[in-house]
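Right, one structure below, let's go through it.
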Amino acid sequence: MTKPDPIPARLAALKSMSVTQLKAEWQTIFATAAPNNSRAFLESRLAYRIQELTYGGPDRETRRMLELLVDEVSGTLTRKSQIADPRNPVVGTRLIREWNGVEHTITVLRDGFEWQGRPYKSLSAIARAITGTRWNGYRFFGLRERKRGND
């Protein structure tokens, strides 16, 4: 017979705790004083940490991606690589899509795309300019996200 998972019960118990009790739980889990009195913050952060300690945290790839995002947002690109969407073809690739009998050619640039001599930040913006409606640009141009294990 398997033991029931105690984590869901522990998470549910957070909802019935007072802010004082949540702060005491914070002290126990983090070994530091709670940073504020916000019930929502304390509950959500405690719930995440309880699960993280039991089931594990983000994998290495996810942590790396988060670090790169922090660098990009803060403007301190100290790491050698930048975030690149794995669906993006290599720079210089030409994407060709026919829409309503008209062939459209898009060139992949280092920091975006070019269509009809104009730079665009996203394929979605180009797809919208072509069709007049909102599209997922990757879907419109037939680019799919790589499946894990199919490298």
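Every chain in the structure tokens has a letter given in the order shown (A, B, ...), and although residue numbers restart at 1 in each chain, ligands are simply numbered from 1 in the order shown.
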Test item, alpha helix (DSSP H) assignment across chain A, answer as a PyMOL selection string: chain A and resi 6-16+19-30+39-55+60-74+123-131+137-140
Need to verify the contact set: range 16-32 of chain A, 10 Å, only C-alpha atoms, exclusion of same-chain residues closer than 5 positions in sequence. Can you return it as a PyMOL selection string? chain A and resi 11+37-40+42-43+45-46+49-50+53
Could you take the residues named above and write them with all heavy atoms, as an mmCIF file, in the first residue's frame?
data_model
loop_
_atom_site.group_PDB
_atom_site.id
_atom_site.type_symbol
_atom_site.label_atom_id
_atom_site.label_comp_id
_atom_site.auth_asym_id
_atom_site.auth_seq_id
_atom_site.Cartn_x
_atom_site.Cartn_y
_atom_site.Cartn_z
ATOM 1 N N LEU A 11 -0.097 22.071 1.583
ATOM 2 C CA LEU A 11 -0.419 23.282 0.822
ATOM 3 C C LEU A 11 -1.794 23.814 1.200
ATOM 4 O O LEU A 11 -1.986 25.018 1.330
ATOM 5 C CB LEU A 11 -0.340 23.006 -0.677
ATOM 6 C CG LEU A 11 1.028 22.579 -1.216
ATOM 7 C CD1 LEU A 11 0.944 22.271 -2.692
ATOM 8 C CD2 LEU A 11 2.084 23.627 -0.925
ATOM 9 N N ASN A 37 4.058 41.377 5.050
ATOM 10 C CA ASN A 37 2.852 40.821 5.671
ATOM 11 C C ASN A 37 1.774 40.455 4.656
ATOM 12 O O ASN A 37 0.633 40.246 5.032
ATOM 13 C CB ASN A 37 2.273 41.820 6.677
ATOM 14 C CG ASN A 37 3.188 42.015 7.866
ATOM 15 O OD1 ASN A 37 3.844 41.079 8.295
ATOM 16 N ND2 ASN A 37 3.245 43.226 8.386
ATOM 17 N N SER A 38 2.110 40.408 3.396
ATOM 18 C CA SER A 38 1.113 40.105 2.371
ATOM 19 C C SER A 38 0.760 38.620 2.400
ATOM 20 O O SER A 38 1.586 37.757 2.109
ATOM 21 C CB SER A 38 1.661 40.466 0.982
ATOM 22 O OG SER A 38 0.837 39.909 -0.017
ATOM 23 N N ARG A 39 -0.481 38.338 2.743
ATOM 24 C CA ARG A 39 -0.949 36.947 2.818
ATOM 25 C C ARG A 39 -0.760 36.240 1.484
ATOM 26 O O ARG A 39 -0.245 35.125 1.443
ATOM 27 C CB ARG A 39 -2.425 36.919 3.222
ATOM 28 C CG ARG A 39 -3.028 35.523 3.132
ATOM 29 C CD ARG A 39 -4.485 35.493 3.438
ATOM 30 N NE ARG A 39 -4.939 34.966 4.678
ATOM 31 C CZ ARG A 39 -4.429 33.988 5.385
ATOM 32 N NH1 ARG A 39 -3.342 33.432 5.022
ATOM 33 N NH2 ARG A 39 -4.962 33.552 6.489
ATOM 34 N N ALA A 40 -1.152 36.876 0.396
ATOM 35 C CA ALA A 40 -1.050 36.249 -0.927
ATOM 36 C C ALA A 40 0.403 35.920 -1.262
ATOM 37 O O ALA A 40 0.701 34.832 -1.768
ATOM 38 C CB ALA A 40 -1.653 37.162 -1.993
ATOM 39 N N LEU A 42 2.985 35.497 0.886
ATOM 40 C CA LEU A 42 3.490 34.454 1.782
ATOM 41 C C LEU A 42 2.952 33.084 1.383
ATOM 42 O O LEU A 42 3.713 32.112 1.304
ATOM 43 C CB LEU A 42 3.120 34.773 3.229
ATOM 44 C CG LEU A 42 3.787 36.020 3.823
ATOM 45 C CD1 LEU A 42 3.175 36.352 5.184
ATOM 46 C CD2 LEU A 42 5.286 35.848 3.921
ATOM 47 N N GLU A 43 1.652 32.989 1.120
ATOM 48 C CA GLU A 43 1.054 31.702 0.730
ATOM 49 C C GLU A 43 1.684 31.157 -0.545
ATOM 50 O O GLU A 43 2.076 29.992 -0.613
ATOM 51 C CB GLU A 43 -0.452 31.843 0.514
ATOM 52 C CG GLU A 43 -1.274 31.844 1.764
ATOM 53 C CD GLU A 43 -2.762 31.971 1.454
ATOM 54 O OE1 GLU A 43 -3.186 31.738 0.296
ATOM 55 O OE2 GLU A 43 -3.501 32.301 2.383
ATOM 56 N N ARG A 45 4.533 31.945 -2.136
ATOM 57 C CA ARG A 45 5.966 31.658 -2.061
ATOM 58 C C ARG A 45 6.246 30.432 -1.196
ATOM 59 O O ARG A 45 7.103 29.617 -1.509
ATOM 60 C CB ARG A 45 6.702 32.899 -1.529
ATOM 61 C CG ARG A 45 8.191 32.776 -1.585
ATOM 62 C CD ARG A 45 8.685 32.708 -3.052
ATOM 63 N NE ARG A 45 10.102 32.428 -3.056
ATOM 64 C CZ ARG A 45 10.645 31.234 -3.302
ATOM 65 N NH1 ARG A 45 9.905 30.208 -3.589
ATOM 66 N NH2 ARG A 45 11.949 31.081 -3.278
ATOM 67 N N LEU A 46 5.509 30.300 -0.084
ATOM 68 C CA LEU A 46 5.658 29.114 0.757
ATOM 69 C C LEU A 46 5.229 27.861 0.002
ATOM 70 O O LEU A 46 5.905 26.826 0.057
ATOM 71 C CB LEU A 46 4.844 29.262 2.047
ATOM 72 C CG LEU A 46 5.446 30.174 3.118
ATOM 73 C CD1 LEU A 46 4.419 30.484 4.195
ATOM 74 C CD2 LEU A 46 6.705 29.561 3.714
ATOM 75 N N ARG A 49 7.918 26.919 -2.454
ATOM 76 C CA ARG A 49 9.129 26.398 -1.806
ATOM 77 C C ARG A 49 8.904 24.996 -1.239
ATOM 78 O O ARG A 49 9.789 24.140 -1.319
ATOM 79 C CB ARG A 49 9.589 27.364 -0.712
ATOM 80 C CG ARG A 49 10.892 26.965 -0.063
ATOM 81 C CD ARG A 49 12.045 27.055 -1.046
ATOM 82 N NE ARG A 49 13.290 26.731 -0.361
ATOM 83 C CZ ARG A 49 14.315 26.132 -0.930
ATOM 84 N NH1 ARG A 49 14.282 25.815 -2.201
ATOM 85 N NH2 ARG A 49 15.388 25.866 -0.240
ATOM 86 N N ILE A 50 7.744 24.744 -0.681
ATOM 87 C CA ILE A 50 7.423 23.411 -0.157
ATOM 88 C C ILE A 50 7.497 22.385 -1.288
ATOM 89 O O ILE A 50 8.088 21.313 -1.140
ATOM 90 C CB ILE A 50 6.036 23.407 0.517
ATOM 91 C CG1 ILE A 50 6.093 24.186 1.839
ATOM 92 C CG2 ILE A 50 5.536 21.982 0.748
ATOM 93 C CD1 ILE A 50 4.731 24.519 2.425
ATOM 94 N N LEU A 53 11.194 21.938 -2.506
ATOM 95 C CA LEU A 53 11.997 21.115 -1.605
ATOM 96 C C LEU A 53 11.642 19.636 -1.731
ATOM 97 O O LEU A 53 12.499 18.768 -1.582
ATOM 98 C CB LEU A 53 11.823 21.575 -0.157
ATOM 99 C CG LEU A 53 12.459 22.924 0.181
ATOM 100 C CD1 LEU A 53 12.019 23.389 1.560
ATOM 101 C CD2 LEU A 53 13.972 22.857 0.076
#
May I have the residues within 9 Å of Ile7 in chain A as a PDB file with N, CA, C and O atoms, in the first residue's frame, using only C-alpha atoms and disregarding those fewer than 5 positions away in the same chain?
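Generated output (around.pdb):
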ATOM      1  N   ALA A  12      -2.755  22.913   1.361  1.00  0.00           N
ATOM      2  CA  ALA A  12      -4.111  23.319   1.753  1.00  0.00           C
ATOM      3  C   ALA A  12      -4.097  23.975   3.131  1.00  0.00           C
ATOM      4  O   ALA A  12      -4.860  24.921   3.384  1.00  0.00           O
ATOM      5  N   ILE A  50       7.744  24.744  -0.681  1.00  0.00           N
ATOM      6  CA  ILE A  50       7.423  23.411  -0.157  1.00  0.00           C
ATOM      7  C   ILE A  50       7.497  22.385  -1.288  1.00  0.00           C
ATOM      8  O   ILE A  50       8.088  21.313  -1.140  1.00  0.00           O
ATOM      9  N   GLN A  51       6.897  22.723  -2.421  1.00  0.00           N
ATOM     10  CA  GLN A  51       6.934  21.808  -3.572  1.00  0.00           C
ATOM     11  C   GLN A  51       8.353  21.664  -4.109  1.00  0.00           C
ATOM     12  O   GLN A  51       8.786  20.564  -4.473  1.00  0.00           O
ATOM     13  N   THR A  54      10.386  19.341  -2.003  1.00  0.00           N
ATOM     14  CA  THR A  54       9.936  17.957  -2.096  1.00  0.00           C
ATOM     15  C   THR A  54      10.191  17.349  -3.472  1.00  0.00           C
ATOM     16  O   THR A  54      10.724  16.249  -3.591  1.00  0.00           O
TER      17      THR A  54
END
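CA of Thr133 in chain A is positioned 25.9 Å from CA of Arg110 in chain A.
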Compile the contact shell of Asn88 in chain A as a VMD selection string: residues with an atom at most 12 Å away, counting only C-alpha atoms, same-chain residues fewer than 2 positions apart removed. chain A and resid 83 to 86 90 to 95 107 to 113 122 to 123 137 to 139 141 to 146
